[in-house]
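Worksheet for the structure shown next.
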Amino acid sequence: MKKSQTRRTFIKTGALATLAIPVLGSSVISCKSEIKQETTDTSSKKLKILILGGTSFLGPHQVAYALSRGHSVSTFTRGKTLPSVHTELFDQVEQLIGDRQDNLTALENRKWDVVIDNSGRKVEWTRATANLLKDNVGIYMYTSSTGVYYPYLTSDIKEDKKLVLEMPKGLSKNEQYEQEYGVMKANSELEAIKVFGKERTIVIRPTYMIGPADKTDRFIHWPIRLAKGGEILVPGKKEDPVQYADVRDIAEWFIRLAENKQYGTYNGVGPKSTQTMQQFIKEAAKTFDVESEFIMVDDYDFLIKNKVYYSVPWIMGGKKNYGSSRVSNSKSIAAGLTFRPLKKTVKDTYDWWISDAISEERRQKFEANPDTLFLKEKEILENWKATKS
Ligand SMILES: NC(=O)c1ccc[n+]([C@@H]2O[C@H](COP(=O)([O-])OP(=O)(O)OC[C@H]3O[C@@H](n4cnc5c(N)ncnc54)[C@H](OP(=O)(O)O)[C@@H]3O)[C@@H](O)[C@H]2O)c1
């Protein structure tokens with residue numbers, strides 16, 4: 001893989017990260033006990049919320065928080081993806097079936113206060129649902145991404161940055177993949193705003209979300225690796241920043257933004273203050289009571305040679321990725337985005353991973369993947385030590 005490849009490409013191609021864990025066989029479904037039925041609700045009005053999607057990663061956490069605040073929730077999916085957390089709450093959810101591609105019948109002639117568009121994968125999908133719902137729904141919330149800022153050429157990237165709306169010519173295949181996602185999200189945002197108007201639209205641009213129910217397996221390396229202890233390879237230069245957001249912090253903030261009608265566009269980015277990869281690892285490691293020694297591998301050429309391009313939240317820097325972990329969250333914090341402690345994120349994600357919420361097959365598949373950092377770690381560390389001797 002070439003140095004010029006971008007962060008989502010690395011992730012798509014699944015180059016690295018992870019390990020095999022002895023399955024501890026917990027029966028805990030980590031998010032179940034998390035739900036606090038909030039008796040003191042700050043919103044005066046109980047909202048009727050429609051989530052397009054809602055059964056994958058972000059959605060179940062939005063469902064849990066919305067219900068805890070007394071709102072009612074409908075989801076709209078094809079009925080294929082089943083939630084892996086908060087499953088018991090879905091009895092209280094109206095589950096509408098259709099397809100954003102060609103069947104929106106279940107959404108016709110219905111009224112909601114808020115629609116949350118999590119499943120936007122095509123600009124036309126957002127245009128179609130926004131047009132269908134505009135007279136029957138108050139607020140359109142579009143789940144975008146910091147991917148709209150690709151290429152990430154600057155730091156302190158704020159919401160008013162000019163976005164790329166058309167595919168530039170001359171991109172490599174990998175750059176094209178990354179850029180297409182950003183262009184799709186940027187144009188989808190515009191469609192929502194065009195149809196609902198700025199005064200009825202909220203756009204959230206999350207960075208990498210981490211936490212229970214993550215379907216991507218791109219962060220789970222760290223909880224399971226840190227739980228094991230010993231010599232741990234930490235990729236990246238000393239000054240490499242990282243950004244991530246606990247999925248629950250983002251999910252809960254969505255609902256509060258809707259309650260408070262805080263229209264506008266916001267980056268969904270944590271942690272609160274600047275953090276390097278080394279600081280991240282040291283803090284995350286405190287989750288587990290095991291002895292660890294961190295081996296910082298800071299030579300990009302060596303990492304590339306050993307096919308270590310990313311391990312979320314660390315993404316290898318480079319011209320087009322320079323600002324990918326330098327996105328501003330000042331507007332979002334002012335608008336109520338909060339951050340739970342990293343140790344809680346790591347612990348809950350680990351507990352979820354070893355619980356019955358995850359199939360044994362999925363764990364084993366992950367553990368057996370020869371491209372994972374976990375499986376390659378020992379050998380890479382030996383190579384690294386050899387360069388130092
Ligand atoms: N994960 C991250 O770190 C991250 C970062 C930035 C932005 N985002 C954005 O966050 C959003 C939410 O991500 P997520 O991972 O929670 O969910 P997701 O995987 O994007 O969405 C899946 C949901 O959409 C439904 N769905 C998929 N295709 C559909 C179709 N053709 N018609 C109707 N429903 C369909 C799925 O149910 P069925 O399969 O049953 O239809 C499921 O409920 C996405 O827009 C993503 O781009 C994610």
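Going by the structure tokens order, chains are called A, B, ..., each with residues numbered from 1, while ligands are numbered from 1 in the order shown.
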Which residues of stretch 264-286 of chain A sit at most 8 Å from stretch 337-358 of chain A, using only C-alpha atoms? Give each one's shortest atom pair and distance in Å (one decimal place), in chain and ascending residue order, as CSV.
```
residue,atom,partner,partner_atom,distance
A:Gly268,CA,A:Leu337,CA,7.7
A:Gly270,CA,A:Phe339,CA,7.1
A:Pro271,CA,A:Phe339,CA,6.8
A:Lys272,CA,A:Phe339,CA,6.8
A:Glu283,CA,A:Lys343,CA,7.1
A:Ala284,CA,A:Lys343,CA,5.5
A:Ala285,CA,A:Lys343,CA,7.9
A:Lys286,CA,A:Lys343,CA,6.8
```
Could those residues be written to a file, using C-alpha atoms, as a PDB file, in the first residue's frame?
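Generated output (part.pdb):
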```pdb
ATOM      1  CA  GLY A 268     -18.972  15.780  16.306  1.00  0.00           C
ATOM      2  CA  GLY A 270     -13.640  14.493  20.714  1.00  0.00           C
ATOM      3  CA  PRO A 271     -11.747  14.383  22.940  1.00  0.00           C
ATOM      4  CA  LYS A 272     -12.437  17.732  24.515  1.00  0.00           C
ATOM      5  CA  GLU A 283      -5.039   7.099  29.509  1.00  0.00           C
ATOM      6  CA  ALA A 284      -6.834   4.166  27.882  1.00  0.00           C
ATOM      7  CA  ALA A 285      -4.452   1.691  29.547  1.00  0.00           C
ATOM      8  CA  LYS A 286      -5.618   2.823  32.975  1.00  0.00           C
TER       9      LYS A 286
END
```
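With only C-alpha atoms and all ligand atoms counted, the chains near ligand 1 contribute these residues within 6 Å: Gly53, Gly54, Thr55, Ser56, Phe57, Leu58, Gly59, Phe76, Thr77, Arg78, Gly79, Lys80, Thr81, Gly98, Asp99, Arg100, Gln101, Asn118, Ser119, Gly120, Thr143, Ser144, Ser145, Pro206, Thr207, Tyr208 and Met209 of chain A.
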Selection file, N, CA and C atoms, as a short mmCIF file (atom, residue, chain, number, x, y, z; two decimals), in the first residue's frame:
```cif
data_model
loop_
_atom_site.label_atom_id
_atom_site.label_comp_id
_atom_site.auth_asym_id
_atom_site.auth_seq_id
_atom_site.Cartn_x
_atom_site.Cartn_y
_atom_site.Cartn_z
N GLY A 53 -32.66 4.45 9.42
CA GLY A 53 -31.59 3.61 9.98
C GLY A 53 -32.02 3.31 11.41
N GLY A 54 -31.07 3.36 12.31
CA GLY A 54 -31.45 3.24 13.73
C GLY A 54 -31.15 1.90 14.36
N THR A 55 -30.70 0.93 13.57
CA THR A 55 -30.49 -0.40 14.15
C THR A 55 -29.02 -0.83 14.11
N SER A 56 -28.13 0.08 13.71
CA SER A 56 -26.75 -0.36 13.53
C SER A 56 -25.88 0.07 14.71
N PHE A 57 -25.17 1.15 14.60
CA PHE A 57 -24.18 1.57 15.61
C PHE A 57 -24.69 2.80 16.38
N LEU A 58 -24.83 3.88 15.66
CA LEU A 58 -25.29 5.12 16.29
C LEU A 58 -26.76 5.03 16.73
N GLY A 59 -27.57 4.42 15.87
CA GLY A 59 -29.02 4.41 16.08
C GLY A 59 -29.49 3.86 17.41
N PHE A 76 -36.77 3.34 10.42
CA PHE A 76 -37.07 2.95 9.04
C PHE A 76 -35.86 2.24 8.47
N THR A 77 -36.00 0.95 8.22
CA THR A 77 -34.90 0.14 7.69
C THR A 77 -35.46 -0.90 6.72
N ARG A 78 -34.56 -1.67 6.14
CA ARG A 78 -35.02 -2.80 5.31
C ARG A 78 -35.34 -4.01 6.17
N GLY A 79 -35.05 -3.94 7.46
CA GLY A 79 -35.30 -5.07 8.35
C GLY A 79 -34.18 -6.10 8.32
N LYS A 80 -33.03 -5.70 7.82
CA LYS A 80 -31.91 -6.66 7.72
C LYS A 80 -30.96 -6.55 8.89
N THR A 81 -30.62 -5.33 9.29
CA THR A 81 -29.63 -5.13 10.35
C THR A 81 -30.31 -5.18 11.71
N GLY A 98 -38.94 -0.65 4.72
CA GLY A 98 -38.95 -0.15 3.35
C GLY A 98 -37.54 -0.19 2.81
N ASP A 99 -37.28 0.67 1.83
CA ASP A 99 -35.93 0.72 1.27
C ASP A 99 -35.69 2.13 0.74
N ARG A 100 -34.62 2.73 1.17
CA ARG A 100 -34.35 4.11 0.74
C ARG A 100 -34.12 4.17 -0.77
N GLN A 101 -33.77 3.07 -1.33
CA GLN A 101 -33.51 3.05 -2.77
C GLN A 101 -34.80 3.19 -3.57
N ASN A 118 -29.71 8.81 9.49
CA ASN A 118 -28.44 8.10 9.74
C ASN A 118 -27.99 7.31 8.52
N SER A 119 -28.95 6.87 7.71
CA SER A 119 -28.62 5.88 6.67
C SER A 119 -28.39 6.52 5.32
N GLY A 120 -28.06 7.81 5.31
CA GLY A 120 -27.82 8.50 4.03
C GLY A 120 -26.56 8.01 3.35
N THR A 143 -26.98 13.07 9.45
CA THR A 143 -25.74 12.53 10.00
C THR A 143 -24.69 12.52 8.91
N SER A 144 -23.82 13.50 8.97
CA SER A 144 -22.77 13.63 7.96
C SER A 144 -21.48 13.03 8.51
N SER A 145 -20.36 13.65 8.24
CA SER A 145 -19.06 13.10 8.66
C SER A 145 -18.00 14.18 8.51
N PRO A 206 -19.73 13.72 12.52
CA PRO A 206 -18.88 13.00 13.48
C PRO A 206 -17.54 12.61 12.88
N THR A 207 -16.54 12.53 13.73
CA THR A 207 -15.28 11.89 13.36
C THR A 207 -15.45 10.39 13.62
N TYR A 208 -14.37 9.64 13.76
CA TYR A 208 -14.52 8.21 14.07
C TYR A 208 -15.28 8.05 15.37
N MET A 209 -16.38 7.31 15.30
CA MET A 209 -17.12 7.01 16.53
C MET A 209 -16.64 5.67 17.06
#
```
DSSP-assigned alpha helix (DSSP H) members of stretch 110-340 of chain A, reported as a PyMOL selection string
chain A and resi 123-133+173-196+221-228+247-259+277-285+300-305+330-334
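Using only C-alpha atoms, the smallest distance between any of A:Ile333, A:Leu52, A:Ile193, A:Leu303 and A:Ser74 comes from A:Leu52.
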DSSP on the backbone, then: every residue of stretch 118-308 of chain A marked strand (DSSP E or B), written as number ranges by chain.
A: 137-143, 157, 201-206, 209-210, 230-235, 241, 244-246, 264-268, 270, 276, 292-297
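The shortest atom-to-atom distance to A:Leu257, with only C-alpha atoms taken into account, belongs to A:Arg200 out of A:Arg110, A:Lys319, A:Lys238, A:Arg200.
Checking A:Met316, A:Ile49, A:Val269, A:Ile232 one by one against A:Ser292, counting only C-alpha atoms, you find the shortest gap at A:Ile232.
Counting from atom CA of A:Asn109, the distance to atom CA of A:Phe196 is 17.1 Å.
The two atoms in question, atom CA of A:Glu159 and atom CA of A:Tyr266, are spaced 6.2 Å apart.
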